[in-house]
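J.: My structure is stored as work37.cif, with mmCIF, C-alpha atoms and all ligand atoms.
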data_model
#
loop_
_atom_site.label_atom_id
_atom_site.label_comp_id
_atom_site.auth_asym_id
_atom_site.auth_seq_id
_atom_site.Cartn_x
_atom_site.Cartn_y
_atom_site.Cartn_z
CA MET A 1 67.70 -64.93 -78.45
CA ARG A 2 70.14 -62.08 -78.94
CA SER A 3 67.96 -59.30 -77.60
CA GLY A 4 67.82 -60.09 -73.91
CA GLY A 5 66.43 -62.81 -71.67
CA PHE A 6 63.04 -63.41 -70.15
CA PHE A 7 62.97 -60.60 -67.57
CA LEU A 8 64.44 -57.99 -69.88
CA ASN A 9 61.83 -58.80 -72.51
CA LEU A 10 59.07 -58.92 -69.91
CA LEU A 11 60.00 -55.38 -68.93
CA ARG A 12 60.57 -54.18 -72.47
CA GLU A 13 57.46 -55.65 -74.10
CA SER A 14 54.90 -55.29 -71.31
CA GLY A 15 52.86 -52.14 -70.78
CA LEU A 16 49.41 -50.64 -71.20
CA ALA A 17 47.20 -52.81 -73.39
CA LEU A 18 45.57 -50.24 -75.63
CA ASP A 19 43.72 -52.37 -78.15
CA PHE A 20 41.98 -49.41 -79.73
CA PRO A 21 41.99 -49.02 -83.51
CA GLY A 22 41.26 -45.32 -82.83
CA LEU A 23 44.73 -45.01 -81.27
CA LEU A 24 46.30 -46.48 -84.39
CA ARG A 25 44.33 -44.03 -86.54
CA LEU A 26 45.54 -41.17 -84.36
CA VAL A 27 49.24 -42.05 -84.55
CA ARG A 28 49.11 -43.25 -88.17
CA SER A 29 50.41 -40.14 -89.84
CA ARG A 30 52.32 -38.67 -86.89
CA ALA A 31 55.67 -40.36 -86.25
CA TRP A 32 56.29 -38.34 -83.07
CA LEU A 33 52.96 -39.49 -81.60
CA ARG A 34 53.87 -43.09 -82.38
CA VAL A 35 57.17 -42.73 -80.55
CA LEU A 36 55.41 -41.03 -77.65
CA ALA A 37 52.70 -43.68 -77.38
CA PHE A 38 54.69 -46.86 -77.98
CA ARG A 39 58.09 -45.90 -76.60
CA PHE A 40 57.56 -43.37 -73.83
CA LEU A 41 54.02 -44.15 -72.64
CA ARG A 42 54.58 -47.89 -73.17
CA ALA A 43 51.37 -48.44 -75.08
CA ARG A 44 51.16 -52.02 -76.28
CA VAL A 45 48.66 -53.95 -78.33
CA SER A 46 47.61 -57.55 -77.79
CA PRO A 47 46.53 -59.91 -80.60
CA ASP A 48 42.95 -58.81 -79.74
CA ILE A 49 43.49 -55.66 -81.73
CA LEU A 50 43.63 -57.64 -84.98
CA GLY A 51 39.99 -58.70 -84.69
CA ARG A 52 38.97 -55.17 -83.73
CA VAL A 53 40.63 -53.69 -86.80
CA GLU A 54 39.00 -56.43 -88.85
CA ARG A 55 35.55 -55.33 -87.68
CA LEU A 56 36.07 -51.64 -88.53
CA GLY A 57 33.65 -50.23 -91.05
CA CYS A 58 36.35 -48.40 -93.05
CA GLY A 59 37.63 -49.22 -96.54
CA LEU A 60 39.82 -52.23 -97.18
CA GLU A 61 42.99 -50.23 -97.89
CA GLN A 62 42.74 -48.35 -94.59
CA LYS A 63 41.92 -51.53 -92.72
CA ALA A 64 44.97 -53.21 -94.26
CA GLU A 65 47.18 -50.32 -93.18
CA LEU A 66 45.87 -50.31 -89.60
CA PHE A 67 46.11 -54.10 -89.35
CA ASN A 68 49.73 -53.92 -90.52
CA MET A 69 50.51 -51.16 -88.03
CA ALA A 70 48.98 -53.20 -85.22
CA ILE A 71 50.70 -56.48 -86.00
CA SER A 72 54.03 -54.70 -86.42
CA GLN A 73 53.92 -53.81 -82.71
CA ILE A 74 53.65 -57.42 -81.60
CA ARG A 75 56.70 -59.27 -80.39
CA VAL A 76 56.74 -63.08 -80.69
CA GLY A 77 59.72 -65.05 -79.44
CA GLU A 78 62.94 -63.74 -80.98
CA THR A 79 61.34 -61.40 -83.50
CA TYR A 80 58.66 -58.81 -84.05
CA LYS A 81 55.91 -59.28 -86.59
CA THR A 82 56.95 -56.05 -88.26
CA GLY A 83 56.34 -55.87 -91.96
CA CYS A 84 55.21 -53.37 -94.51
CA ALA A 85 54.76 -52.85 -98.19
CA GLY A 86 57.75 -51.68 -100.22
CA ARG A 87 60.54 -52.45 -97.77
CA THR A 88 62.21 -55.15 -99.91
CA ALA A 89 61.92 -53.58 -103.36
CA LEU A 90 65.52 -54.41 -104.30
CA THR A 91 65.18 -58.06 -103.30
CA ASP A 92 61.77 -58.41 -104.97
CA ALA A 93 63.18 -57.04 -108.23
CA ALA A 94 66.09 -59.53 -108.05
CA ILE A 95 63.68 -62.40 -107.32
CA ALA A 96 61.50 -61.46 -110.30
CA GLU A 97 64.62 -61.40 -112.47
CA ARG A 98 65.80 -64.86 -111.35
CA ALA A 99 62.25 -66.22 -111.65
CA ARG A 100 62.51 -65.73 -115.42
CA GLU A 101 64.95 -68.66 -115.50
CA PHE A 102 62.07 -71.01 -114.72
CA GLU A 103 58.98 -71.91 -116.72
CA ALA A 104 56.49 -71.90 -113.85
CA PRO A 105 58.44 -70.76 -110.79
CA ARG A 106 57.13 -71.59 -107.35
CA VAL A 107 58.17 -68.89 -104.91
CA LEU A 108 58.08 -69.11 -101.12
CA ASP A 109 58.10 -66.07 -98.82
CA ALA A 110 59.31 -67.50 -95.49
CA GLY A 111 58.59 -65.34 -92.44
CA ALA A 112 55.96 -63.34 -94.32
CA SER A 113 54.21 -61.91 -91.22
CA ASP A 114 50.74 -60.64 -92.28
CA GLY A 115 51.71 -60.97 -95.95
CA LEU A 116 51.18 -57.30 -96.84
CA GLY A 117 54.79 -56.95 -98.02
CA SER A 118 54.38 -60.11 -100.12
CA LEU A 119 51.78 -58.41 -102.31
CA ASP A 120 54.59 -56.34 -103.86
CA LEU A 121 56.29 -59.56 -104.89
CA ILE A 122 53.06 -60.95 -106.38
CA HIS A 123 52.80 -57.84 -108.55
CA ARG A 124 56.38 -58.24 -109.79
CA LEU A 125 56.14 -61.94 -110.66
CA GLY A 126 54.63 -63.01 -113.95
CA PRO A 127 51.24 -64.81 -114.14
CA GLU A 128 53.03 -68.15 -114.59
CA ALA A 129 54.58 -67.87 -111.10
CA SER A 130 52.91 -68.94 -107.87
CA LEU A 131 53.65 -67.49 -104.46
CA THR A 132 53.30 -69.31 -101.13
CA LEU A 133 53.42 -67.37 -97.87
CA ALA A 134 54.69 -69.01 -94.68
CA ASP A 135 55.46 -67.98 -91.14
CA ARG A 136 56.09 -69.65 -87.80
CA HIS A 137 53.17 -67.70 -86.32
CA PRO A 138 50.42 -67.49 -88.95
CA GLU A 139 47.94 -67.35 -86.10
CA PHE A 140 47.63 -66.58 -82.42
CA TRP A 141 45.46 -68.43 -79.97
CA ARG A 142 43.28 -66.89 -77.27
CA ARG A 143 41.78 -68.23 -74.08
CA PRO A 144 39.54 -65.77 -72.20
CA PHE A 145 39.26 -65.43 -68.45
CA PRO A 146 37.27 -62.86 -66.42
CA LEU A 147 38.53 -59.35 -67.36
CA GLY A 148 41.34 -60.69 -69.52
CA ALA A 149 42.79 -63.30 -71.84
CA VAL A 150 45.82 -65.52 -72.29
CA PHE A 151 47.43 -65.52 -75.72
CA LEU A 152 49.47 -68.30 -77.28
CA ASP A 153 51.79 -68.02 -80.27
CA GLY A 154 51.65 -70.06 -83.49
CA ASP A 155 53.32 -72.99 -81.70
CA ARG A 156 50.51 -72.77 -79.10
CA ARG A 157 53.07 -71.79 -76.47
CA LEU A 158 52.48 -69.03 -73.94
CA LEU A 159 52.90 -65.58 -75.48
CA SER A 160 51.26 -63.04 -73.20
CA VAL A 161 48.50 -62.22 -70.76
CA LYS A 162 46.12 -59.27 -70.85
CA PHE A 163 44.33 -58.27 -67.68
CA LEU A 164 42.17 -55.16 -67.86
CA PHE A 165 44.60 -52.62 -69.36
CA LEU A 166 47.79 -54.45 -68.51
CA TYR A 167 49.72 -56.40 -71.14
CA LEU A 168 52.33 -58.85 -69.86
CA TYR A 169 54.70 -60.33 -72.39
CA LEU A 170 55.81 -63.84 -71.41
CA GLY A 171 56.99 -65.09 -74.78
CA SER A 172 60.67 -65.42 -73.93
CA ASP A 173 60.27 -67.88 -71.08
CA PRO A 174 62.54 -70.81 -71.86
CA GLY A 175 60.37 -73.00 -69.61
CA ARG A 176 57.18 -72.42 -71.60
CA GLY A 177 57.09 -76.12 -72.47
CA GLY A 178 55.39 -77.79 -75.43
CA PRO A 179 52.20 -76.81 -77.27
CA LEU A 180 49.12 -76.36 -75.09
CA ASP A 181 45.86 -78.16 -75.71
CA ALA A 182 43.76 -76.46 -78.40
CA ARG A 183 40.50 -77.04 -76.53
CA GLY A 184 38.79 -73.82 -75.41
CA LEU A 185 41.08 -71.71 -77.59
CA SER A 186 39.92 -69.41 -80.35
CA ARG A 187 42.16 -68.78 -83.31
CA ILE A 188 43.26 -65.31 -84.41
CA ASP A 189 44.28 -65.11 -88.06
CA THR A 190 47.36 -62.95 -88.65
CA THR A 191 46.73 -62.62 -92.39
CA ASN A 192 46.27 -59.03 -93.48
CA PRO A 193 42.70 -58.28 -94.70
CA LEU A 194 44.02 -57.21 -98.11
CA VAL A 195 45.97 -60.46 -98.46
CA ARG A 196 42.97 -62.41 -97.28
CA GLU A 197 40.87 -60.80 -99.96
CA ARG A 198 43.44 -61.83 -102.59
CA LEU A 199 44.43 -65.26 -101.29
CA GLY A 200 41.73 -66.28 -98.80
CA PRO A 201 41.75 -66.60 -94.99
CA PHE A 202 44.71 -68.32 -93.30
CA ALA A 203 46.65 -67.83 -96.53
CA VAL A 204 49.91 -67.91 -94.58
CA ARG A 205 51.12 -71.49 -94.06
CA ARG A 206 52.95 -72.63 -90.96
CA LEU A 207 56.71 -73.01 -91.28
CA ASP A 208 59.57 -72.80 -88.82
CA VAL A 209 62.63 -71.94 -90.91
CA PHE A 210 64.85 -73.82 -88.47
CA SER A 211 63.13 -77.16 -88.79
CA GLY A 212 60.22 -77.19 -91.27
CA VAL A 213 60.19 -78.34 -94.87
CA LEU A 214 57.50 -77.50 -97.42
CA GLU A 215 56.80 -79.93 -100.25
CA PRO A 216 57.12 -79.92 -103.19
CA GLY A 217 60.27 -77.86 -103.46
CA PHE A 218 60.37 -74.22 -104.52
CA GLU A 219 62.43 -72.63 -107.27
CA LEU A 220 62.90 -69.47 -105.20
CA ILE A 221 62.70 -68.72 -101.50
CA LYS A 222 62.66 -65.23 -100.02
CA CYS A 223 63.46 -64.86 -96.33
CA ALA A 224 63.45 -61.17 -95.46
CA ASN A 225 63.94 -59.41 -92.14
CA LEU A 226 64.05 -62.62 -90.18
CA LEU A 227 67.58 -64.06 -90.40
CA ASN A 228 69.21 -60.90 -89.07
CA VAL A 229 72.13 -60.64 -86.65
CA GLU A 230 69.93 -58.48 -84.39
CA TYR A 231 67.71 -61.53 -83.87
CA PHE A 232 69.99 -64.54 -84.27
CA GLU A 233 73.63 -65.57 -83.95
CA LEU A 234 75.36 -66.24 -87.28
CA GLU A 235 75.46 -69.98 -86.53
CA ARG A 236 71.68 -70.06 -86.23
CA ILE A 237 71.33 -68.11 -89.47
CA ALA A 238 73.54 -70.71 -91.15
CA ALA A 239 71.41 -73.51 -89.67
CA ALA A 240 68.19 -71.87 -90.93
CA ALA A 241 69.67 -71.38 -94.41
CA ALA A 242 70.71 -75.06 -94.51
CA ASN A 243 67.23 -76.07 -93.45
CA LEU A 244 65.51 -73.78 -95.99
CA ALA A 245 67.67 -75.39 -98.69
CA ARG A 246 65.68 -78.59 -98.04
CA SER A 247 62.61 -76.79 -99.45
CA LEU A 248 64.48 -75.77 -102.62
CA VAL A 249 64.55 -77.79 -105.82
CA PRO A 250 68.09 -78.49 -107.08
CA GLY A 251 69.26 -75.27 -108.75
CA GLY A 252 66.76 -73.23 -106.73
CA TYR A 253 67.61 -69.87 -105.17
CA LEU A 254 67.47 -68.63 -101.58
CA PHE A 255 67.42 -64.89 -100.88
CA ILE A 256 68.29 -63.80 -97.34
CA ALA A 257 67.44 -60.12 -97.13
CA GLN A 258 67.27 -57.31 -94.62
CA SER A 259 65.88 -53.80 -94.78
CA ASN A 260 67.73 -51.32 -92.63
CA ALA A 261 68.84 -47.71 -93.02
CA ARG A 262 72.46 -48.72 -92.32
CA PHE A 263 72.65 -50.42 -95.73
CA ARG A 264 73.04 -48.56 -98.99
CA ASP A 265 69.54 -48.38 -100.56
CA SER A 266 68.31 -49.33 -97.06
CA GLU A 267 68.45 -52.97 -98.09
CA ALA A 268 70.94 -55.83 -98.39
CA TYR A 269 70.72 -59.45 -99.45
CA VAL A 270 72.71 -62.56 -100.16
CA LEU A 271 71.58 -64.85 -102.95
CA LEU A 272 72.44 -68.52 -102.55
CA ARG A 273 71.85 -71.37 -104.97
CA ARG A 274 71.28 -74.99 -104.13
CA GLN A 275 73.90 -77.03 -105.95
CA GLY A 276 73.94 -80.69 -105.00
CA GLY A 277 73.74 -80.70 -101.22
CA ASP A 278 75.37 -77.25 -100.89
CA LEU A 279 74.31 -73.63 -100.88
CA VAL A 280 76.60 -71.58 -103.07
CA LEU A 281 76.80 -67.81 -103.00
CA VAL A 282 75.92 -66.36 -106.42
CA GLU A 283 75.28 -62.70 -105.60
CA GLU A 284 75.35 -60.23 -102.75
CA LYS A 285 74.06 -56.70 -102.41
CA ASN A 286 75.17 -54.06 -99.95
CA GLY A 287 76.95 -56.24 -97.41
CA HIS A 288 74.33 -58.30 -95.57
CA GLU A 289 76.00 -59.74 -92.44
CA ALA A 290 75.14 -63.33 -93.48
CA LEU A 291 77.66 -62.87 -96.30
CA ALA A 292 80.36 -63.83 -93.78
CA LEU A 293 78.86 -67.34 -93.70
CA PHE A 294 79.07 -68.20 -97.35
CA SER A 295 82.07 -68.50 -99.63
CA GLY A 296 82.21 -68.60 -103.43
CA GLY A 297 82.38 -66.18 -106.36
CA GLY A 298 79.64 -63.98 -107.82
CA ARG A 299 78.08 -64.82 -111.14
C1 LIG B 301 60.22 -58.86 -88.84
S1 LIG B 301 59.02 -59.91 -89.53
C2 LIG B 301 59.44 -59.85 -91.26
C3 LIG B 301 58.22 -59.83 -92.15
C4 LIG B 301 58.50 -59.76 -93.65
N1 LIG B 301 59.31 -60.85 -94.11
C5 LIG B 301 59.14 -58.44 -94.03
O1 LIG B 301 60.27 -58.45 -94.52
O2 LIG B 301 58.51 -57.40 -93.86
C6 LIG B 301 59.63 -61.48 -89.03
C7 LIG B 301 58.60 -62.60 -89.21
O3 LIG B 301 59.25 -63.85 -89.05
C8 LIG B 301 58.38 -64.72 -88.32
N2 LIG B 301 59.22 -65.73 -87.66
C9 LIG B 301 59.88 -65.65 -86.49
N3 LIG B 301 60.57 -66.77 -86.26
C10 LIG B 301 60.34 -67.59 -87.32
C11 LIG B 301 60.78 -68.89 -87.68
N4 LIG B 301 61.59 -69.58 -86.89
N5 LIG B 301 60.33 -69.43 -88.83
C12 LIG B 301 59.50 -68.72 -89.65
N6 LIG B 301 59.05 -67.49 -89.37
C13 LIG B 301 59.47 -66.93 -88.22
C14 LIG B 301 57.66 -63.80 -87.35
O4 LIG B 301 56.44 -64.39 -86.93
C15 LIG B 301 57.47 -62.56 -88.21
O5 LIG B 301 56.24 -62.61 -88.87
#
Translate the structure described by the file into structure tokens.

T.:
Amino acid sequence: MRSGGFFLNLLRESGLALDFPGLLRLVRSRAWLRVLAFRFLRARVSPDILGRVERLGCGLEQKAELFNMAISQIRVGETYKTGCAGRTALTDAAIAERAREFEAPRVLDAGASDGLGSLDLIHRLGPEASLTLADRHPEFWRRPFPLGAVFLDGDRRLLSVKFLFLYLYLGSDPGRGGPLDARGLSRIDTTNPLVRERLGPFAVRRLDVFSGVLEPGFELIKCANLLNVEYFELERIAAAAANLARSLVPGGYLFIAQSNARFRDSEAYVLLRRQGGDLVLVEEKNGHEALALFSGGGR
């Protein structure tokens, strides 16, 4: 992990467990309050907040927004589950354009978080296309104990502990070991309510971009805001790209994208194509750092 070891992350990600949807409502339209609450007062949310937002009596759109705000605060392993609608407009437009090259394109969004951002892509793709959402942590797991709970990540490895109002983040411990027994655990779906309404519960499939392969292959894969130099060394990004290529059909495209204000249009991507056993660079936009990994001319 690039952003600090176990103790640094324990300090950085732990704080007051304020699993109150009312707090989210309060800070929703006030950026300064969000900074105050989450940065200076160290408010944190545990995966419990997702179920609480789910049970709110408000409209679906508002629920979707609050759910997305809540999940975006949660750190898991090397990355956050941050995601939101509209942040990859440039990439989505380019994917829709390339999708026209195929009769019935199968598109994979790898590292889709709660899937809310993927809805934009669904709207851009034609009716002949199908979209699959995948993430390493499509669910959390919960084991209660008196006055608190232990949370596990999508790999069923220790993520955090909540005791009364204290949230302790333990997700960077290299000694966390293998998956824990599923007995006595309840499952927390990380799919956004709006996505669930469109695609059904647990619509996000499990995939680790470093090792997993989804069959049959896809014509297009989008991997946005995951393979970033802030999260991973370039060598690991290269390894993930090589692994994702195994889920591409020959001639299929892989988009590695990032949204960040430092890029022109606040977004950058590299577009790679699977040719034989290789990934060949066919396009780049706005200087994504992964560009350094791939050679070849534009098309
Ligand atoms: C910052 S979010 C990006 C969400 C969305 N793609 C977007 O652009 O808004 C990163 C997501 O990648 C997921 N993730 C982290 N490591 C992963 C891995 N090895 N394989 C697949 N997904 C992973 C996290 O669970 C999280 O949902």

J.: Quick one: pull the distance between atom CA of Val76 of chain A and atom CA of Leu244 of chain A, Å, one decimal.

T.: 20.6 Å

J.: May I have the residues within 9 Å of ligand LIG 301 (chain B), computed using only C-alpha atoms and all ligand atoms, as a PyMOL selection string?

T.: chain A and resi 71-72+75-88+109-118+134-138+153-154+190+206-212+222-227+240+257-259

J.: Counting all atoms listed in the file, find residues at most 9 Å from (42.8, -53.0, -78.9) (file frame) and give them as a compact mmCIF listing (two decimals) with C-alpha atoms, in the frame of the given file.

T.:
# COMPACT_ATOMS: atom_id res chain seq x y z
CA ALA A 17 47.20 -52.81 -73.39
CA LEU A 18 45.57 -50.24 -75.63
CA ASP A 19 43.72 -52.37 -78.15
CA PHE A 20 41.98 -49.41 -79.73
CA PRO A 21 41.99 -49.02 -83.51
CA GLY A 22 41.26 -45.32 -82.83
CA LEU A 23 44.73 -45.01 -81.27
CA ARG A 44 51.16 -52.02 -76.28
CA VAL A 45 48.66 -53.95 -78.33
CA SER A 46 47.61 -57.55 -77.79
CA PRO A 47 46.53 -59.91 -80.60
CA ASP A 48 42.95 -58.81 -79.74
CA ILE A 49 43.49 -55.66 -81.73
CA LEU A 50 43.63 -57.64 -84.98
CA GLY A 51 39.99 -58.70 -84.69
CA ARG A 52 38.97 -55.17 -83.73
CA VAL A 53 40.63 -53.69 -86.80
CA ALA A 70 48.98 -53.20 -85.22

J.: How many Å separate atom CA of Gly15 of chain A from atom CA of Phe38 of chain A?

T.: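 Going from atom CA of Gly15 of chain A over to atom CA of Phe38 of chain A, I get 9.1 Å.
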
J.: Find the residue from A:Ala238, A:Leu272, A:Ala149, A:Leu194 that sits nearest to Lys63 of chain A; use all atoms listed in the file when measuring.

T.: A:Leu194

J.: With all atoms listed in the file as the atoms that count, which of A:Glu54, A:Asp181, A:Glu267, A:Glu139 lies nearest to Arg205 of chain A?

T.: A:Glu139

J.: What does the structure give for the distance between atom CA of Leu147 of chain A and atom CA of Leu168 of chain A, in Å to one decimal?

T.: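 If I compute the distance from atom CA of Leu147 of chain A to atom CA of Leu168 of chain A, I get 14.0 Å.
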
J.: For Asp278 of chain A, list every protein, DNA or RNA residue within 12 Å, evaluated using only C-alpha atoms, and leave out those in the same chain fewer than 4 positions away; present the list as JSON, numbers by chain.

T.: {"A": [238, 241, 242, 243, 244, 245, 246, 248, 249, 250, 251, 252, 253, 254, 272, 273, 274, 294, 295, 296]}

J.: When you look at Gly177 of chain A with a cut-off of 12 Å (counting only C-alpha atoms), what residues show up, excluding the ones that are within fewer than 4 positions of it in the same chain? I need them as an mmCIF file with C-alpha atoms, keeping the file's coordinate frame.

T.:
data_model
loop_
_atom_site.group_PDB
_atom_site.id
_atom_site.type_symbol
_atom_site.label_atom_id
_atom_site.label_comp_id
_atom_site.auth_asym_id
_atom_site.auth_seq_id
_atom_site.Cartn_x
_atom_site.Cartn_y
_atom_site.Cartn_z
ATOM 1 C CA LEU A 152 49.470 -68.300 -77.280
ATOM 2 C CA ASP A 155 53.320 -72.990 -81.700
ATOM 3 C CA ARG A 156 50.510 -72.770 -79.100
ATOM 4 C CA ARG A 157 53.070 -71.790 -76.470
ATOM 5 C CA LEU A 158 52.480 -69.030 -73.940
ATOM 6 C CA LEU A 159 52.900 -65.580 -75.480
ATOM 7 C CA GLY A 171 56.990 -65.090 -74.780
ATOM 8 C CA SER A 172 60.670 -65.420 -73.930
ATOM 9 C CA ASP A 173 60.270 -67.880 -71.080
ATOM 10 C CA ASP A 181 45.860 -78.160 -75.710
#

J.: For Ser160 of chain A, please output as a ChimeraX atom specification all residues within 6 Å (counting only C-alpha atoms; exclusion window: fewer than 5 positions along the same chain).

T.: /A:151,168-170

J.: Let's have the selection written as a PDB file, in the frame of the given file, with C-alpha atoms.

T.:
ATOM      1  CA  PHE A 151      47.430 -65.520 -75.720  1.00  0.00           C
ATOM      2  CA  LEU A 168      52.330 -58.850 -69.860  1.00  0.00           C
ATOM      3  CA  TYR A 169      54.700 -60.330 -72.390  1.00  0.00           C
ATOM      4  CA  LEU A 170      55.810 -63.840 -71.410  1.00  0.00           C
TER       5      LEU A 170
END

J.: Rank A:Leu234, A:Leu271, A:Pro193, A:Asp265 by their smallest atom-to-atom distance to Ala292 of chain A, using only C-alpha atoms, and report the top residue only.

T.: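 Closest to Ala292 of chain A of all the choices is A:Leu234.
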
J.: Closest to Glu233 of chain A among A:Leu279, A:Ser186, A:Arg198, A:Leu293, using all atoms listed in the file?

T.: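 Using all atoms listed in the file, Glu233 of chain A sits closest to A:Leu293.
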
J.: Take the structure in the block and write a file for segment 96-120 of chain A, N, CA and C atoms, as an mmCIF file, in the first residue's frame.

T.:
data_model
loop_
_atom_site.group_PDB
_atom_site.id
_atom_site.type_symbol
_atom_site.label_atom_id
_atom_site.label_comp_id
_atom_site.auth_asym_id
_atom_site.auth_seq_id
_atom_site.Cartn_x
_atom_site.Cartn_y
_atom_site.Cartn_z
ATOM 1 N N ALA A 96 -18.510 4.278 -24.829
ATOM 2 C CA ALA A 96 -19.715 4.152 -25.665
ATOM 3 C C ALA A 96 -19.344 4.202 -27.145
ATOM 4 N N GLU A 97 -18.362 5.052 -27.456
ATOM 5 C CA GLU A 97 -17.907 5.177 -28.842
ATOM 6 C C GLU A 97 -17.271 3.859 -29.328
ATOM 7 N N ARG A 98 -16.364 3.316 -28.524
ATOM 8 C CA ARG A 98 -15.685 2.059 -28.904
ATOM 9 C C ARG A 98 -16.675 0.890 -28.933
ATOM 10 N N ALA A 99 -17.696 0.958 -28.092
ATOM 11 C CA ALA A 99 -18.674 -0.145 -28.018
ATOM 12 C C ALA A 99 -19.398 -0.318 -29.350
ATOM 13 N N ARG A 100 -19.464 0.762 -30.128
ATOM 14 C CA ARG A 100 -20.144 0.683 -31.431
ATOM 15 C C ARG A 100 -19.446 -0.273 -32.396
ATOM 16 N N GLU A 101 -18.170 -0.599 -32.097
ATOM 17 C CA GLU A 101 -17.434 -1.514 -32.979
ATOM 18 C C GLU A 101 -17.922 -2.962 -32.843
ATOM 19 N N PHE A 102 -18.740 -3.196 -31.813
ATOM 20 C CA PHE A 102 -19.170 -4.576 -31.552
ATOM 21 C C PHE A 102 -20.690 -4.685 -31.682
ATOM 22 N N GLU A 103 -21.130 -5.882 -32.088
ATOM 23 C CA GLU A 103 -22.568 -6.082 -32.296
ATOM 24 C C GLU A 103 -23.353 -6.063 -30.980
ATOM 25 N N ALA A 104 -22.882 -6.861 -30.031
ATOM 26 C CA ALA A 104 -23.545 -6.924 -28.726
ATOM 27 C C ALA A 104 -22.460 -6.855 -27.649
ATOM 28 N N PRO A 105 -21.917 -5.660 -27.427
ATOM 29 C CA PRO A 105 -20.753 -5.565 -26.537
ATOM 30 C C PRO A 105 -21.078 -5.897 -25.083
ATOM 31 N N ARG A 106 -20.178 -6.690 -24.497
ATOM 32 C CA ARG A 106 -20.274 -6.960 -23.060
ATOM 33 C C ARG A 106 -19.235 -6.063 -22.396
ATOM 34 N N VAL A 107 -19.715 -5.271 -21.439
ATOM 35 C CA VAL A 107 -18.858 -4.272 -20.799
ATOM 36 C C VAL A 107 -18.739 -4.617 -19.322
ATOM 37 N N LEU A 108 -17.521 -4.528 -18.800
ATOM 38 C CA LEU A 108 -17.287 -4.792 -17.378
ATOM 39 C C LEU A 108 -16.792 -3.515 -16.714
ATOM 40 N N ASP A 109 -17.410 -3.141 -15.600
ATOM 41 C CA ASP A 109 -16.904 -2.035 -14.785
ATOM 42 C C ASP A 109 -16.218 -2.665 -13.571
ATOM 43 N N ALA A 110 -14.889 -2.670 -13.565
ATOM 44 C CA ALA A 110 -14.127 -3.351 -12.514
ATOM 45 C C ALA A 110 -13.731 -2.356 -11.430
ATOM 46 N N GLY A 111 -14.129 -2.635 -10.191
ATOM 47 C CA GLY A 111 -13.903 -1.686 -9.094
ATOM 48 C C GLY A 111 -15.020 -0.665 -9.078
ATOM 49 N N ALA A 112 -16.255 -1.163 -9.172
ATOM 50 C CA ALA A 112 -17.422 -0.290 -9.400
ATOM 51 C C ALA A 112 -17.970 0.330 -8.115
ATOM 52 N N SER A 113 -17.433 -0.055 -6.951
ATOM 53 C CA SER A 113 -17.939 0.407 -5.666
ATOM 54 C C SER A 113 -19.437 0.104 -5.554
ATOM 55 N N ASP A 114 -20.276 1.115 -5.184
ATOM 56 C CA ASP A 114 -21.709 0.818 -5.018
ATOM 57 C C ASP A 114 -22.460 0.822 -6.349
ATOM 58 N N GLY A 115 -21.744 1.109 -7.439
ATOM 59 C CA GLY A 115 -22.347 1.027 -8.772
ATOM 60 C C GLY A 115 -23.082 2.282 -9.212
ATOM 61 N N LEU A 116 -23.161 3.298 -8.339
ATOM 62 C CA LEU A 116 -23.938 4.486 -8.724
ATOM 63 C C LEU A 116 -23.338 5.156 -9.964
ATOM 64 N N GLY A 117 -21.997 5.243 -9.991
ATOM 65 C CA GLY A 117 -21.330 5.848 -11.150
ATOM 66 C C GLY A 117 -21.525 5.026 -12.417
ATOM 67 N N SER A 118 -21.782 3.724 -12.262
ATOM 68 C CA SER A 118 -21.942 2.853 -13.433
ATOM 69 C C SER A 118 -23.257 3.131 -14.157
ATOM 70 N N LEU A 119 -24.217 3.717 -13.441
ATOM 71 C CA LEU A 119 -25.510 3.988 -14.088
ATOM 72 C C LEU A 119 -25.338 4.951 -15.255
ATOM 73 N N ASP A 120 -24.381 5.888 -15.124
ATOM 74 C CA ASP A 120 -24.106 6.824 -16.232
ATOM 75 C C ASP A 120 -23.723 6.043 -17.488
#
